[in-house]
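Asker: Shown below is the structure under consideration.
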Amino acid sequence: MERVALLRTSGRRLLHRCRGGRPAVVPAAASSSLARRSLSSSLPARGYSSLPGGGARFLAAAAPLHCSGRYWPAATPRLARRLSAPAVSTSPSPVPYDTDDVHEYAAKLGFEKVSEQVIDECKSTAVLYKHKKTGAEVMSVSNDDENKVFGIVFRTPPKNSTGIPHILEHSVLCGSRKYPLKEPFVELLKGSLHTFLNAFTYPDRTCYPVASTNTKDFYNLVDVYLDAVFFPKCVEDFQTFQQEGWHYELDNPDEEITYKGVVFNEMKGVYSQPDNIMGRVSQQALSPENTYGVDSGGDPNEIPKLTFEEFKEFHSKYYHPSNARIWFYGDDDPKERLRVLSEYLDQFEASTAPNESKIWPQRLFKEPVRVIEKFPAGQEGDLTKKYMVCINWLLSEEPLDVETELTLGFLDHLLLGTPASPLRRILLESGLGDAIVGGGVEDELLQPQFSIGLKGVSEDNIQKVEELVMQTLKNLVEEGFASDAVEASMNTIEFALRENNTGSFPRGLSLMLRSIAKWIYDMDPFEPLKYEQPLQQLKSRIAEEGSKAVFSPLIENFILKNTHRVTVEMQPDPEKASRDEAAEKEILKQVKSSMTQEDLAELARATKELKEKQETPDPPEALKAVPCLSLQDIPKNPIHIPMEVGEINGVKVLQHDLFTNDVVYSEVVFDMGSMKKEHLQLLPLFCQSLLEMGTKDMDFVQLNQLIGRKTGGISVYPFTSSVRGKEDPLTRIIVRGKAMAPRVEDLFNLMYTILQDVQFTEQQRFKQFVCQSKARMENRLRGSGHGIAAARMDAKLNAAGWIGEQLGGVR
């Protein structure tokens, strides 16, 4: 599952932002493996390079960051880094159905229609219903997308950092009234064709989404999720609370007591990572007066203060239909959606939860704030060069209109979206730090924010980084952006909006997350889905007034003149980890000293009992309760992708004739089997250099702007895979790009230019690549140790695994 804290520091984001730049040089190997408790997780506070925001709420959503309490490698790329995703067919038109008949049926079930709109941007008909008895709100989106999506979202604002929302998100998925297993989802996966199955804990809300292309499977998943959130076993089972949240563990009265718990252990890992610490500190310092001033994921120092009674009360208060936003999307029957919901909702009466869960805005500061925080650091290297600094602004006290939000999204892309973007480029070229932190505009929470900074900074350069950020922004206000940069940004974002290509991430879930970003705050849930009018208004303004008149006032008013600014300085402390560990041991020592021998014996007995429960399999009769598909429910014929095989000048050409909204997707693939193994470690840097070194006729800024103006994006990356029945792996370098059909010639000309005219002469830029790569790897070591270990084991199994580790592992 995911804990989503949307202030970014860790090089990751929940939603894909429409940014330029290359894709991750090593294809993302991380996936949501739904093993035990794999359905619950938490996003760290403030990721930079991945999960749509800003105006990017209008863009596609990315797979969230870390699943099942385990952090993924920083491999979730931004939208523009996936601009070369495979061809995806989009819905040509909304699915026709008798709306009057559906509304009459809805009324019989106790729903009233609030609003109905045709969303041309996503080829859908959307109806907002309200359940009369409880007040639950339901968005029913109908189209011909076979990848059906359901999601139920509760507003869950915490009042402290004990992590109740995060622990509850884990716990409700540990069995329910109809499905009394310890882990029904593990069993469900064995007989499901799901395309998405997860849950996210945001700072102020908790989401439970599922998706499937099989209708029976889809409604099986819907029923399991609804039963889980409304009737979970965990509110009656103290051991589930102990297992998922926290408990004292003692195997023998003579040993020391320790803390254990899934969320407790997960958050210990989160709080050990510098980027996540910066995100937490930044978020809490920006909004000290409302719910964002605490950690919904849980502070390890605070989690043991949570009681079972508080845990149960939180569920009773907020996991109620009156506090729910429910989303359906796809080609299933709109009547069936409402019928299934009514069976659950009718069991409840209205509650006061909507008033109690309301999110209040943070009042803007009258003067800037500075925060200094220490983070655990190893003894190796020069600690004076491991400082971090991030400048954060809360942009507005009131909600922004949709055009302003979209304009801020474009501004964000102009400032930071590509390697050629001025704020990003100037910071990295300054040599003041190794990598960007912060990452620009974020508007998935109630109030929009802007953050930017550097990590790997020398102690003496902290002030210089702050001055450089402010001076660069002032210069941009005075000078504006280059016309080529504005055109490239406009084309990139408009391309992404119209393409609506979310890759393997369900399109309906992307739309849900966009809609929820307004809906959860009692605003219009349709507005985020309709970008066409504000986009045209913005383009008209730029054409009439000029880009400087549009963007300079935003920088000046929302950032430079904004006194609600928080500067966070992170200082490396090699002793912090040991001090924190010693403090925890001292607390536990005092706990033990306060216990009698009878208490200790009882604790040892309870520890043994909990472990026995965890290790005991569910009985067969309980397993039978989990719905699963039979062979008759699965289509007998596989889906075939049309393919024509041809040849041009001796080169094999594969062509797939698919509906893609006039977008041409292309991959040029080169065999790298003859590459010497000692060169493999340089290959990711080589791929990055092809796009970011420039050519004989253009510097890298001009090249990136030309790519943005003429195409939907170009990327270069290595690919390796085992081949069934063969010892030798498949190894390739792939140049991938996409463009509208009339510009396909520009696409291939640019690919040719990148491959033939690149100039490997910019030594300083190459040094930047190395520093950024080093910073990414250091972050992976702290946050994804399991991924590093898995890659190391995979390297011992076959040649493809060994090559993969050479390309992106610890070596």
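Note on naming: chains are A, B, ... as they come in the structure tokens, residues start from 1 per chain, ligands start from 1 in the order shown.
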Which of range 155-199 of chain A counts as strand (DSSP E or B) under DSSP, as a list of chain:residue names please?
Answerer: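 Those residues are A:Arg155, A:Ser176, A:His194, A:Thr195, A:Phe196, A:Leu197.
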Asker: Those residues you just picked out, can you put them in a file as a short mmCIF file (atom, residue, chain, number, x, y, z; two decimals), in the first residue's frame with C-alpha atoms?
Answerer:
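And here is the file that came out, again.cif:
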data_model
loop_
_atom_site.label_atom_id
_atom_site.label_comp_id
_atom_site.auth_asym_id
_atom_site.auth_seq_id
_atom_site.Cartn_x
_atom_site.Cartn_y
_atom_site.Cartn_z
CA ARG A 155 -11.12 11.93 4.23
CA SER A 176 -13.53 -8.66 7.11
CA HIS A 194 -6.74 -7.62 -11.64
CA THR A 195 -4.81 -4.89 -13.43
CA PHE A 196 -4.44 -2.84 -10.24
CA LEU A 197 -4.87 -3.67 -6.57
#
Asker: Considering only C-alpha atoms, return as an NGL selection string whatever protein or nucleic-acid residues lie within 10 Å of Gly293 in chain A, sequence-local ones (same chain, fewer than 3 positions apart) excluded.
Answerer: :A and (158-161 or 203 or 280-290 or 296 or 362)
Asker: Would you mind exporting all heavy atoms of the selected residues as a short mmCIF file (atom, residue, chain, number, x, y, z; two decimals), in the first residue's frame?
Answerer:
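As written to disk, result-v6.cif reads:
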data_model
loop_
_atom_site.label_atom_id
_atom_site.label_comp_id
_atom_site.auth_asym_id
_atom_site.auth_seq_id
_atom_site.Cartn_x
_atom_site.Cartn_y
_atom_site.Cartn_z
N PRO A 158 -5.34 13.22 10.25
CA PRO A 158 -4.87 12.88 11.60
C PRO A 158 -4.66 14.13 12.45
O PRO A 158 -4.41 15.22 11.93
CB PRO A 158 -3.54 12.18 11.33
CG PRO A 158 -3.04 12.82 10.07
CD PRO A 158 -4.26 13.14 9.25
N LYS A 159 -4.76 13.95 13.76
CA LYS A 159 -4.51 15.06 14.69
C LYS A 159 -3.14 14.94 15.34
O LYS A 159 -2.71 15.85 16.05
CB LYS A 159 -5.59 15.10 15.76
CG LYS A 159 -6.97 15.48 15.23
CD LYS A 159 -7.99 15.56 16.35
CE LYS A 159 -9.33 16.12 15.87
NZ LYS A 159 -9.96 15.35 14.81
N ASN A 160 -2.46 13.81 15.11
CA ASN A 160 -1.13 13.62 15.67
C ASN A 160 -0.34 12.72 14.73
O ASN A 160 -0.83 12.33 13.67
CB ASN A 160 -1.20 13.03 17.09
CG ASN A 160 -2.03 11.75 17.12
OD1 ASN A 160 -1.85 10.85 16.30
ND2 ASN A 160 -2.93 11.66 18.10
N SER A 161 0.88 12.38 15.12
CA SER A 161 1.76 11.59 14.26
C SER A 161 1.87 10.14 14.70
O SER A 161 2.90 9.49 14.48
CB SER A 161 3.16 12.24 14.24
OG SER A 161 3.11 13.50 13.63
N PRO A 203 -1.65 12.49 3.16
CA PRO A 203 -1.66 13.23 4.42
C PRO A 203 -3.05 13.53 4.94
O PRO A 203 -3.22 13.77 6.13
CB PRO A 203 -0.93 14.54 4.05
CG PRO A 203 -0.03 14.16 2.92
CD PRO A 203 -0.83 13.16 2.13
N ARG A 280 9.33 15.49 5.28
CA ARG A 280 8.49 15.59 6.47
C ARG A 280 8.64 16.94 7.14
O ARG A 280 7.65 17.61 7.48
CB ARG A 280 8.85 14.48 7.45
CG ARG A 280 8.20 14.61 8.82
CD ARG A 280 8.62 13.47 9.74
NE ARG A 280 10.04 13.39 9.91
CZ ARG A 280 10.75 14.11 10.80
NH1 ARG A 280 10.12 14.98 11.58
NH2 ARG A 280 12.04 13.95 10.94
N VAL A 281 9.87 17.36 7.33
CA VAL A 281 10.13 18.65 7.99
C VAL A 281 9.54 19.80 7.18
O VAL A 281 8.92 20.72 7.73
CB VAL A 281 11.64 18.85 8.20
CG1 VAL A 281 11.94 20.25 8.71
CG2 VAL A 281 12.18 17.80 9.16
N SER A 282 9.71 19.75 5.85
CA SER A 282 9.20 20.82 4.99
C SER A 282 7.68 20.90 5.07
O SER A 282 7.10 21.99 5.23
CB SER A 282 9.63 20.58 3.54
OG SER A 282 11.03 20.63 3.41
N GLN A 283 7.03 19.76 4.96
CA GLN A 283 5.57 19.75 5.00
C GLN A 283 5.04 20.26 6.33
O GLN A 283 4.11 21.08 6.37
CB GLN A 283 5.06 18.34 4.74
CG GLN A 283 3.54 18.22 4.80
CD GLN A 283 3.05 16.85 4.39
OE1 GLN A 283 3.24 16.42 3.26
NE2 GLN A 283 2.43 16.15 5.33
N GLN A 284 5.62 19.80 7.41
CA GLN A 284 5.12 20.21 8.71
C GLN A 284 5.44 21.66 9.02
O GLN A 284 4.65 22.34 9.68
CB GLN A 284 5.70 19.28 9.78
CG GLN A 284 5.20 17.85 9.64
CD GLN A 284 5.79 16.90 10.65
OE1 GLN A 284 6.57 17.29 11.51
NE2 GLN A 284 5.43 15.63 10.55
N ALA A 285 6.57 22.15 8.53
CA ALA A 285 6.92 23.56 8.76
C ALA A 285 6.07 24.49 7.90
O ALA A 285 5.78 25.62 8.31
CB ALA A 285 8.40 23.78 8.47
N LEU A 286 5.68 24.05 6.71
CA LEU A 286 4.83 24.87 5.85
C LEU A 286 3.41 25.00 6.41
O LEU A 286 2.75 26.03 6.23
CB LEU A 286 4.75 24.27 4.45
CG LEU A 286 5.82 24.65 3.43
CD1 LEU A 286 5.62 23.87 2.14
CD2 LEU A 286 5.83 26.15 3.14
N SER A 287 2.92 23.96 7.07
CA SER A 287 1.53 23.94 7.54
C SER A 287 1.44 23.49 8.98
O SER A 287 0.89 22.42 9.29
CB SER A 287 0.69 23.01 6.64
OG SER A 287 0.75 23.39 5.29
N PRO A 288 1.97 24.28 9.90
CA PRO A 288 2.00 23.84 11.31
C PRO A 288 0.65 23.88 11.99
O PRO A 288 0.47 23.28 13.06
CB PRO A 288 2.97 24.84 11.95
CG PRO A 288 2.84 26.08 11.11
CD PRO A 288 2.61 25.60 9.71
N GLU A 289 -0.35 24.57 11.40
CA GLU A 289 -1.61 24.79 12.10
C GLU A 289 -2.73 23.85 11.69
O GLU A 289 -3.81 23.86 12.28
CB GLU A 289 -2.07 26.24 11.88
CG GLU A 289 -1.11 27.28 12.42
CD GLU A 289 -1.51 28.69 12.04
OE1 GLU A 289 -2.46 28.84 11.25
OE2 GLU A 289 -0.88 29.64 12.52
N ASN A 290 -2.51 23.05 10.64
CA ASN A 290 -3.59 22.14 10.23
C ASN A 290 -3.07 20.70 10.19
O ASN A 290 -1.99 20.40 10.69
CB ASN A 290 -4.20 22.57 8.89
CG ASN A 290 -3.22 22.50 7.73
OD1 ASN A 290 -2.12 21.97 7.86
ND2 ASN A 290 -3.62 23.03 6.59
N SER A 296 0.83 11.61 8.72
CA SER A 296 -0.20 10.58 8.63
C SER A 296 0.39 9.18 8.57
O SER A 296 -0.27 8.21 8.92
CB SER A 296 -1.08 10.81 7.39
OG SER A 296 -0.31 10.63 6.21
N GLN A 362 -4.15 26.45 5.92
CA GLN A 362 -3.10 27.06 6.72
C GLN A 362 -3.07 28.56 6.41
O GLN A 362 -3.02 28.97 5.25
CB GLN A 362 -1.75 26.44 6.37
CG GLN A 362 -0.53 27.19 6.88
CD GLN A 362 -0.42 27.17 8.38
OE1 GLN A 362 -0.57 26.13 9.00
NE2 GLN A 362 -0.16 28.33 8.98
#
Asker: Compile the contact shell of Ser430 in chain A as a ChimeraX atom specification: residues with an atom at most 10 Å away, counting only C-alpha atoms, same-chain residues fewer than 6 positions apart removed.
Answerer: /A:464-465,468,768
Asker: Figure out the distance between CA of Gln243 in chain A and CA of Lys611 in chain A, please, to one decimal in Å.
Answerer: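 Distance reported for this atom pair: 9.2 Å.
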Asker: Need to verify the contact set: Thr563 in chain A, 6 Å, only C-alpha atoms, exclusion of same-chain residues closer than 3 positions in sequence. Can you return it as a compact mmCIF listing (two decimals) with C-alpha atoms, in the first residue's frame?
Answerer:
# COMPACT_ATOMS: atom_id res chain seq x y z
CA LYS A 366 3.81 37.20 7.62
CA GLU A 367 7.54 36.48 7.46
CA PRO A 368 9.79 33.64 6.26
Asker: List the neighbours of range 317-322 of chain A out to 6 Å using only C-alpha atoms; skip same-chain residues closer than 3 positions along the sequence, and give me the result as a PDB file with N, CA and C atoms, in the first residue's frame.
Answerer:
ATOM      1  N   THR A 134     -27.297   8.301   3.464  1.00  0.00           N
ATOM      2  CA  THR A 134     -26.017   8.534   4.156  1.00  0.00           C
ATOM      3  C   THR A 134     -25.270   9.770   3.673  1.00  0.00           C
ATOM      4  N   GLY A 135     -25.585  10.235   2.470  1.00  0.00           N
ATOM      5  CA  GLY A 135     -24.839  11.358   1.915  1.00  0.00           C
ATOM      6  C   GLY A 135     -23.599  10.944   1.151  1.00  0.00           C
ATOM      7  N   ALA A 136     -23.341   9.638   1.010  1.00  0.00           N
ATOM      8  CA  ALA A 136     -22.182   9.182   0.240  1.00  0.00           C
ATOM      9  C   ALA A 136     -22.275   9.690  -1.192  1.00  0.00           C
ATOM     10  N   PHE A 314     -11.136   5.989  15.402  1.00  0.00           N
ATOM     11  CA  PHE A 314     -10.809   6.636  14.133  1.00  0.00           C
ATOM     12  C   PHE A 314     -11.559   5.948  12.996  1.00  0.00           C
ATOM     13  N   ALA A 350     -26.885   8.363   8.353  1.00  0.00           N
ATOM     14  CA  ALA A 350     -26.005   9.522   8.142  1.00  0.00           C
ATOM     15  C   ALA A 350     -25.212   9.805   9.415  1.00  0.00           C
ATOM     16  N   SER A 351     -23.990  10.344   9.244  1.00  0.00           N
ATOM     17  CA  SER A 351     -23.152  10.685  10.400  1.00  0.00           C
ATOM     18  C   SER A 351     -22.620  12.112  10.255  1.00  0.00           C
ATOM     19  N   ALA A 353     -19.481  12.805  10.201  1.00  0.00           N
ATOM     20  CA  ALA A 353     -18.092  12.689   9.753  1.00  0.00           C
ATOM     21  C   ALA A 353     -17.665  13.778   8.767  1.00  0.00           C
TER      22      ALA A 353
END
Asker: Measuring between only C-alpha atoms, which one of A:Glu336, A:Asp524, A:Asp412, A:Asp599 shows the shortest distance to Gly439 in chain A?
Answerer: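 Closest candidate: A:Asp412.
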Asker: At what distance in Å, to one decimal, does CA of Asn501 in chain A lie from CA of Ile452 in chain A?
Answerer: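 About the pair CA of Ile452 in chain A and CA of Asn501 in chain A: they are 27.9 Å apart.
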Asker: With only C-alpha atoms as the counted atoms, please give the residues lying no more than 12 Å from Leu691 in chain A, apart from itself and same-chain residues fewer than 6 positions off, as a tab-separated table (two decimals) with N, CA, C and O atoms, in the first residue's frame.
Answerer:
chain	number	residue	atom	x	y	z
A	20	GLY	N	10.11	17.07	-18.87
A	20	GLY	CA	11.01	16.56	-19.89
A	20	GLY	C	12.06	15.70	-19.27
A	20	GLY	O	12.02	15.35	-18.12
A	21	GLY	N	13.09	15.39	-20.03
A	21	GLY	CA	14.16	14.58	-19.51
A	21	GLY	C	14.03	13.15	-19.95
A	21	GLY	O	13.01	12.71	-20.43
A	22	ARG	N	15.09	12.44	-19.75
A	22	ARG	CA	15.15	11.06	-20.21
A	22	ARG	C	14.42	10.15	-19.26
A	22	ARG	O	14.15	10.50	-18.12
A	23	PRO	N	14.10	8.95	-19.71
A	23	PRO	CA	13.51	7.99	-18.78
A	23	PRO	C	14.60	7.42	-17.89
A	23	PRO	O	15.77	7.64	-18.14
A	25	VAL	N	17.35	5.28	-16.86
A	25	VAL	CA	18.21	4.60	-17.81
A	25	VAL	C	18.12	3.10	-17.69
A	25	VAL	O	18.34	2.37	-18.64
A	418	THR	N	12.60	19.98	-17.87
A	418	THR	CA	13.56	19.29	-18.73
A	418	THR	C	14.98	19.63	-18.28
A	418	THR	O	15.18	20.58	-17.52
A	419	PRO	N	15.97	18.89	-18.74
A	419	PRO	CA	17.35	19.25	-18.40
A	419	PRO	C	17.73	20.65	-18.86
A	419	PRO	O	18.65	21.26	-18.31
A	420	ALA	N	16.99	21.17	-19.86
A	420	ALA	CA	17.30	22.50	-20.37
A	420	ALA	C	16.54	23.60	-19.63
A	420	ALA	O	16.77	24.79	-19.87
A	684	PRO	N	24.52	3.43	-19.03
A	684	PRO	CA	23.48	4.39	-18.67
A	684	PRO	C	23.92	5.84	-18.87
A	684	PRO	O	23.13	6.67	-19.32
A	685	LEU	N	25.18	6.13	-18.54
A	685	LEU	CA	25.68	7.49	-18.75
A	685	LEU	C	25.78	7.81	-20.25
A	685	LEU	O	25.54	8.95	-20.66
A	698	MET	N	23.80	22.04	-32.36
A	698	MET	CA	22.95	22.55	-31.28
A	698	MET	C	23.54	22.20	-29.93
A	698	MET	O	24.07	21.10	-29.75
A	699	ASP	N	23.44	23.14	-28.97
A	699	ASP	CA	23.78	22.76	-27.61
A	699	ASP	C	22.61	21.97	-27.04
A	699	ASP	O	21.55	21.85	-27.65
A	700	PHE	N	22.78	21.41	-25.84
A	700	PHE	CA	21.76	20.51	-25.32
A	700	PHE	C	20.46	21.25	-25.03
A	700	PHE	O	19.37	20.66	-25.08
A	701	VAL	N	20.52	22.55	-24.71
A	701	VAL	CA	19.30	23.32	-24.48
A	701	VAL	C	18.49	23.41	-25.76
A	701	VAL	O	17.28	23.15	-25.77
A	702	GLN	N	19.14	23.76	-26.86
A	702	GLN	CA	18.45	23.86	-28.14
A	702	GLN	C	17.89	22.50	-28.57
A	702	GLN	O	16.78	22.41	-29.10
A	703	LEU	N	18.67	21.45	-28.35
A	703	LEU	CA	18.23	20.10	-28.72
A	703	LEU	C	16.98	19.71	-27.94
A	703	LEU	O	15.99	19.22	-28.51
A	704	ASN	N	16.97	19.93	-26.64
A	704	ASN	CA	15.82	19.57	-25.83
A	704	ASN	C	14.59	20.40	-26.20
A	704	ASN	O	13.47	19.89	-26.21
A	705	GLN	N	14.80	21.66	-26.50
A	705	GLN	CA	13.67	22.49	-26.91
A	705	GLN	C	13.10	22.05	-28.25
A	705	GLN	O	11.89	22.04	-28.45
A	706	LEU	N	13.99	21.64	-29.17
A	706	LEU	CA	13.53	21.17	-30.47
A	706	LEU	C	12.74	19.87	-30.33
A	706	LEU	O	11.71	19.68	-30.98
A	707	ILE	N	13.22	18.98	-29.48
A	707	ILE	CA	12.48	17.73	-29.21
A	707	ILE	C	11.11	18.04	-28.64
A	707	ILE	O	10.09	17.46	-29.03
A	713	GLY	N	8.33	13.39	-27.30
A	713	GLY	CA	9.43	12.96	-26.44
A	713	GLY	C	10.27	11.89	-27.07
A	713	GLY	O	9.79	11.08	-27.88
A	714	ILE	N	11.55	11.88	-26.73
A	714	ILE	CA	12.50	10.85	-27.18
A	714	ILE	C	13.27	10.38	-25.97
A	714	ILE	O	13.66	11.19	-25.11
A	715	SER	N	13.51	9.09	-25.89
A	715	SER	CA	14.30	8.55	-24.79
A	715	SER	C	15.25	7.48	-25.33
A	715	SER	O	15.00	6.90	-26.39
A	716	VAL	N	16.34	7.25	-24.60
A	716	VAL	CA	17.31	6.23	-24.97
A	716	VAL	C	17.66	5.46	-23.71
A	716	VAL	O	17.97	6.05	-22.67
A	717	TYR	N	17.61	4.13	-23.79
A	717	TYR	CA	17.89	3.35	-22.59
A	717	TYR	C	18.30	1.93	-22.97
A	717	TYR	O	17.98	1.43	-24.05
A	735	VAL	N	16.11	3.28	-28.76
A	735	VAL	CA	15.81	4.69	-28.95
A	735	VAL	C	14.32	4.78	-29.22
A	735	VAL	O	13.83	4.26	-30.23
A	736	ARG	N	13.60	5.40	-28.33
A	736	ARG	CA	12.13	5.37	-28.38
A	736	ARG	C	11.61	6.80	-28.49
A	736	ARG	O	12.11	7.71	-27.84
A	750	LEU	N	15.22	13.78	-35.82
A	750	LEU	CA	15.81	14.04	-34.51
A	750	LEU	C	16.50	12.79	-33.96
A	750	LEU	O	17.56	12.88	-33.34
A	751	MET	N	15.89	11.63	-34.16
A	751	MET	CA	16.54	10.39	-33.74
A	751	MET	C	17.89	10.24	-34.44
A	751	MET	O	18.90	9.88	-33.82
A	752	TYR	N	17.90	10.51	-35.73
A	752	TYR	CA	19.14	10.41	-36.50
A	752	TYR	C	20.18	11.40	-35.97
A	752	TYR	O	21.36	11.05	-35.79
A	753	THR	N	19.74	12.62	-35.70
A	753	THR	CA	20.65	13.64	-35.19
A	753	THR	C	21.27	13.22	-33.86
A	753	THR	O	22.48	13.37	-33.64
A	754	ILE	N	20.43	12.68	-32.98
A	754	ILE	CA	20.92	12.25	-31.67
A	754	ILE	C	21.98	11.16	-31.80
A	754	ILE	O	23.00	11.17	-31.11
A	755	LEU	N	21.75	10.24	-32.71
A	755	LEU	CA	22.65	9.10	-32.86
A	755	LEU	C	23.91	9.42	-33.64
A	755	LEU	O	24.98	8.86	-33.38
A	756	GLN	N	23.81	10.34	-34.59
A	756	GLN	CA	24.94	10.57	-35.48
A	756	GLN	C	25.73	11.84	-35.16
A	756	GLN	O	26.92	11.92	-35.46
A	757	ASP	N	25.09	12.84	-34.58
A	757	ASP	CA	25.74	14.13	-34.43
A	757	ASP	C	26.07	14.51	-32.99
A	757	ASP	O	26.48	15.64	-32.73
A	758	VAL	N	25.85	13.59	-32.05
A	758	VAL	CA	26.14	13.93	-30.65
A	758	VAL	C	27.62	14.25	-30.48
A	758	VAL	O	28.50	13.65	-31.12
A	759	GLN	N	27.89	15.21	-29.59
A	759	GLN	CA	29.26	15.62	-29.31
A	759	GLN	C	29.59	15.32	-27.85
A	759	GLN	O	29.01	15.92	-26.94
A	760	PHE	N	30.54	14.40	-27.63
A	760	PHE	CA	30.90	14.03	-26.26
A	760	PHE	C	32.06	14.91	-25.78
A	760	PHE	O	33.14	14.43	-25.46
A	765	ARG	N	29.37	18.76	-17.96
A	765	ARG	CA	28.04	18.15	-17.93
A	765	ARG	C	28.14	16.67	-17.60
A	765	ARG	O	27.31	16.12	-16.87
A	766	PHE	N	29.14	16.00	-18.13
A	766	PHE	CA	29.31	14.58	-17.84
A	766	PHE	C	29.56	14.38	-16.34
A	766	PHE	O	29.05	13.44	-15.73
A	769	PHE	N	26.32	14.38	-14.63
A	769	PHE	CA	25.61	13.11	-14.75
A	769	PHE	C	26.10	12.13	-13.68
A	769	PHE	O	25.30	11.44	-13.04
Asker: When DSSP is applied to the backbone of this structure, which of range 156-359 of chain A are assigned helix (DSSP H, G or I)? Write them out as a PyMOL selection string.
Answerer: chain A and resi 164-171+184-190+215-230+233-235+238-244+262-270+274-286+291-293+303-305+308-318+321-323+334-345+353-356
Asker: Pick the closest to Cys390 in chain A from A:Ala435, A:Val663, A:Val744, A:Leu173: which is it, counting only C-alpha atoms?
Answerer: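 Checking each of A:Ala435, A:Val663, A:Val744, A:Leu173 against Cys390 in chain A, counting only C-alpha atoms, the winner is A:Ala435.
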Asker: Nearest to Leu383 in chain A among A:Arg363, A:Glu403, A:Glu459, A:Leu432, with distances taken over only C-alpha atoms: which residue is it?
Answerer: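 Distance minimum relative to Leu383 in chain A lands on A:Glu459.
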Asker: Please report the interatomic distance between CA of Thr607 in chain A and CA of Asp580 in chain A in Å with one decimal.
Answerer: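 Separation of CA of Thr607 in chain A and CA of Asp580 in chain A: 24.6 Å.
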Asker: Considering only C-alpha atoms, state which residue in the set A:His166, A:His564, A:Lys726, A:Lys548 is at the smallest distance from Leu364 in chain A.
Answerer: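 Between A:His166, A:His564, A:Lys726, A:Lys548, the residue approaching Leu364 in chain A most closely is A:His564.
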Asker: Return the single residue from A:Arg776, A:Lys696, A:His131, A:Ala228 that is closest to Ile436 in chain A, with distances computed using only C-alpha atoms.
Answerer: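 Checking each of A:Arg776, A:Lys696, A:His131, A:Ala228 against Ile436 in chain A, counting only C-alpha atoms, the winner is A:Arg776.
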Asker: Could you check the closest approach to Tyr292 in chain A for each of A:Pro729, A:Pro157, A:Gly808, A:Gly453 and tell me which residue wins, using only C-alpha atoms?
Answerer: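 Smallest distance to Tyr292 in chain A is found for A:Pro157.
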